[in-house]
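Below you'll find the structure, written out as structure tokens, and then a few comments.
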Amino acid sequence: QAARPRSGPSPAEPDGEIFPWTREARDLVENWWAACPPPAGEAWEPYPVARRTLNWAVALALAPDLGPVLVPRLALQMRFLASHLERHLLGNHLLCDAAALVAGAAVIDAGGIEDIGRLGARLLEDELGKQVLPDGGHVERTAQYHAVVLRDALWALLLARYRSRRLEIEQPLSRMLGWLGRVRRPDGSLPCLNDAAPDATSREHQHHAADGSAHGRRHRQLYRERDASRRDAEER
């Protein structure tokens, strides 16, 4: 079966609109692929493949016009990743692998991709159940990794929902969102706990923006109210 984009309009693209930067994006992908052909080199270690697959899946959902250049390359990378899962490393690496497989399967249609997507969904559900602690924190106990894992899983959930696919990860993600809200500083930044670097993590509101659930909407309202209260207190 030839690889092709999933049918249906993009959730972010107005009907019929052609983004002016898609030609530049296509050239970038083609030039990169020519410079880093599969499967040799550091670019083809499992983790870079997973990160690239997740990002390209999101790009394809936002701009289906990129389909001709992204779809066959996504299919190849997903097949590679499915046979090179980072079970030896576990942690955030394996969760990224799983999220990438779920996201990729939501945006392309190709031989074997449905099975790979189901593999990713099972793995994502299982690993979040193991790696998210009762307090909502990620098991590696670093705010930076926590934020990255949460963002990846939210993208996977969003794309799976758009394709009406069931993904049982809302409970652990809800706890992760709660933990992130409790540890963030007043300016929205996250503490440098364990393996972390200043300004290396997305601000918390970006994760809530990706979360389409009622829980995410409630969190956004709570933080707006809390920030307004802080501003009022400062003015007084």
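If you're wondering about the labels, chains in the structure tokens are A, B, ... by order shown, residues count from 1 in each chain, ligands from 1 in order shown.
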
Exercise. With a distance cut-off of 12 Å and only C-alpha atoms, select the neighbouring residues of Cys96 in chain A, excluding the residue or stretch itself and same-chain residues fewer than 6 positions from it, and output the selection as a VMD selection string.
Key: chain A and resid 46 to 55 81 to 82 85 to 87 89 to 90 102 to 104 120 to 121 123 to 124 127 to 128 145 to 146 148 to 156

Practice problem: Write out as a PyMOL selection string all residues of range 24-230 of chain A that backbone DSSP assigns to strand (DSSP E or B). | Solution: chain A and resi 108-109+132+138

Self-check item: Top pick for closest residue to Gly136 in chain A, considering A:Arg182, A:His88, A:Arg23, A:Arg73 and counting only C-alpha atoms
Solution: A:Arg182

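Using only C-alpha atoms, the nearest neighbour of Pro64 in chain A within the list A:Ala43, A:Ile108, A:Met176, A:Leu133 is A:Ile108.
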
Quiz item: Out of range 42-231 of chain A, which residues get alpha helix (DSSP H) from DSSP, as JSON, numbers by chain?
Solution: {"A": [46, 47, 48, 49, 50, 51, 52, 53, 54, 55, 56, 57, 58, 59, 60, 61, 62, 67, 68, 69, 70, 71, 72, 73, 74, 75, 76, 77, 78, 79, 80, 81, 82, 91, 92, 93, 94, 95, 96, 97, 98, 99, 100, 101, 102, 103, 104, 105, 106, 107, 113, 114, 115, 116, 117, 118, 119, 120, 121, 122, 123, 124, 125, 126, 127, 128, 129, 130, 131, 143, 144, 145, 146, 147, 148, 149, 150, 151, 152, 153, 154, 155, 156, 157, 158, 159, 160, 161, 162, 170, 171, 172, 173, 174, 175, 176, 177, 178, 179, 180, 181, 182, 183, 204, 205, 206, 207, 208, 209, 210, 214, 215, 216, 217, 218, 219, 220, 221, 222, 223, 224, 225, 226, 227, 228, 229, 230, 231]}

Practice problem: Considering only C-alpha atoms, state which residue in the set A:Asp97, A:Asp199, A:Ile113, A:Val58 is at the smallest distance from Leu76 in chain A. | Solution: A:Ile113

Exercise. Skip Ala106 in chain A itself and residues of its chain fewer than 2 positions away, then list as a VMD selection string all residues within 12 Å of it, counting only C-alpha atoms.
Key: chain A and resid 4 to 8 10 53 to 54 56 to 58 60 to 61 71 74 to 75 78 99 to 104 108 to 110 113 to 118 120 to 121 155 to 167

Dump C-alpha atoms for the selected residues as a PDB file, in the first residue's frame?
```pdb
ATOM      1  CA  ARG A   4      -0.444   8.788   1.861  1.00  0.00           C
ATOM      2  CA  PRO A   5      -1.782  11.407   4.283  1.00  0.00           C
ATOM      3  CA  ARG A   6      -4.888  10.587   6.247  1.00  0.00           C
ATOM      4  CA  SER A   7      -7.953  12.039   4.590  1.00  0.00           C
ATOM      5  CA  GLY A   8      -9.819  14.956   6.061  1.00  0.00           C
ATOM      6  CA  SER A  10      -6.407  19.803   8.965  1.00  0.00           C
ATOM      7  CA  THR A  53       8.771  11.577  13.671  1.00  0.00           C
ATOM      8  CA  LEU A  54       6.729  13.346  16.333  1.00  0.00           C
ATOM      9  CA  TRP A  56       7.001  15.899  11.404  1.00  0.00           C
ATOM     10  CA  ALA A  57       3.656  14.317  12.319  1.00  0.00           C
ATOM     11  CA  VAL A  58       2.577  17.553  13.994  1.00  0.00           C
ATOM     12  CA  LEU A  60       1.815  17.344   8.621  1.00  0.00           C
ATOM     13  CA  ALA A  61      -1.319  17.786  10.736  1.00  0.00           C
ATOM     14  CA  VAL A  71       4.471  10.973   4.254  1.00  0.00           C
ATOM     15  CA  LEU A  74       7.401   9.312   8.065  1.00  0.00           C
ATOM     16  CA  ALA A  75       6.362   5.789   7.096  1.00  0.00           C
ATOM     17  CA  MET A  78       7.977   4.705  11.912  1.00  0.00           C
ATOM     18  CA  ALA A  99       4.150   9.094  21.360  1.00  0.00           C
ATOM     19  CA  ALA A 100       5.860   9.328  17.977  1.00  0.00           C
ATOM     20  CA  LEU A 101       4.295   6.079  16.771  1.00  0.00           C
ATOM     21  CA  VAL A 102       0.833   7.192  17.899  1.00  0.00           C
ATOM     22  CA  ALA A 103       1.172  10.630  16.295  1.00  0.00           C
ATOM     23  CA  GLY A 104       2.568   9.267  13.041  1.00  0.00           C
ATOM     24  CA  ILE A 108      -0.511   8.866   7.514  1.00  0.00           C
ATOM     25  CA  ASP A 109      -1.972   5.763   5.926  1.00  0.00           C
ATOM     26  CA  ALA A 110       0.463   3.089   4.744  1.00  0.00           C
ATOM     27  CA  ILE A 113       1.155   1.653  10.004  1.00  0.00           C
ATOM     28  CA  GLU A 114      -2.127   0.840  11.767  1.00  0.00           C
ATOM     29  CA  ASP A 115      -0.431  -2.003  13.638  1.00  0.00           C
ATOM     30  CA  ILE A 116       2.498   0.234  14.503  1.00  0.00           C
ATOM     31  CA  GLY A 117       0.084   2.863  15.825  1.00  0.00           C
ATOM     32  CA  ARG A 118      -1.615   0.286  18.033  1.00  0.00           C
ATOM     33  CA  GLY A 120       2.588   2.789  20.175  1.00  0.00           C
ATOM     34  CA  ALA A 121      -0.765   3.296  21.920  1.00  0.00           C
ATOM     35  CA  TRP A 155       0.446  15.863  21.055  1.00  0.00           C
ATOM     36  CA  ALA A 156      -0.146  12.136  20.698  1.00  0.00           C
ATOM     37  CA  LEU A 157      -3.478  12.439  22.511  1.00  0.00           C
ATOM     38  CA  LEU A 158      -4.583  15.426  20.432  1.00  0.00           C
ATOM     39  CA  LEU A 159      -3.826  13.737  17.112  1.00  0.00           C
ATOM     40  CA  ALA A 160      -5.375  10.439  18.241  1.00  0.00           C
ATOM     41  CA  ARG A 161      -8.554  12.271  19.255  1.00  0.00           C
ATOM     42  CA  TYR A 162      -8.733  14.053  15.929  1.00  0.00           C
ATOM     43  CA  ARG A 163      -8.831  10.622  14.283  1.00  0.00           C
ATOM     44  CA  SER A 164     -11.418   9.411  16.831  1.00  0.00           C
ATOM     45  CA  ARG A 165      -8.985   6.926  18.333  1.00  0.00           C
ATOM     46  CA  ARG A 166      -9.232   5.848  21.910  1.00  0.00           C
ATOM     47  CA  LEU A 167      -6.152   6.483  24.027  1.00  0.00           C
TER      48      LEU A 167
END
```

Practice problem: Kindly give the distance, in Å, that separates CA of Gln131 in chain A and CA of Leu180 in chain A, rounded to a single decimal. | Solution: 15.1 Å
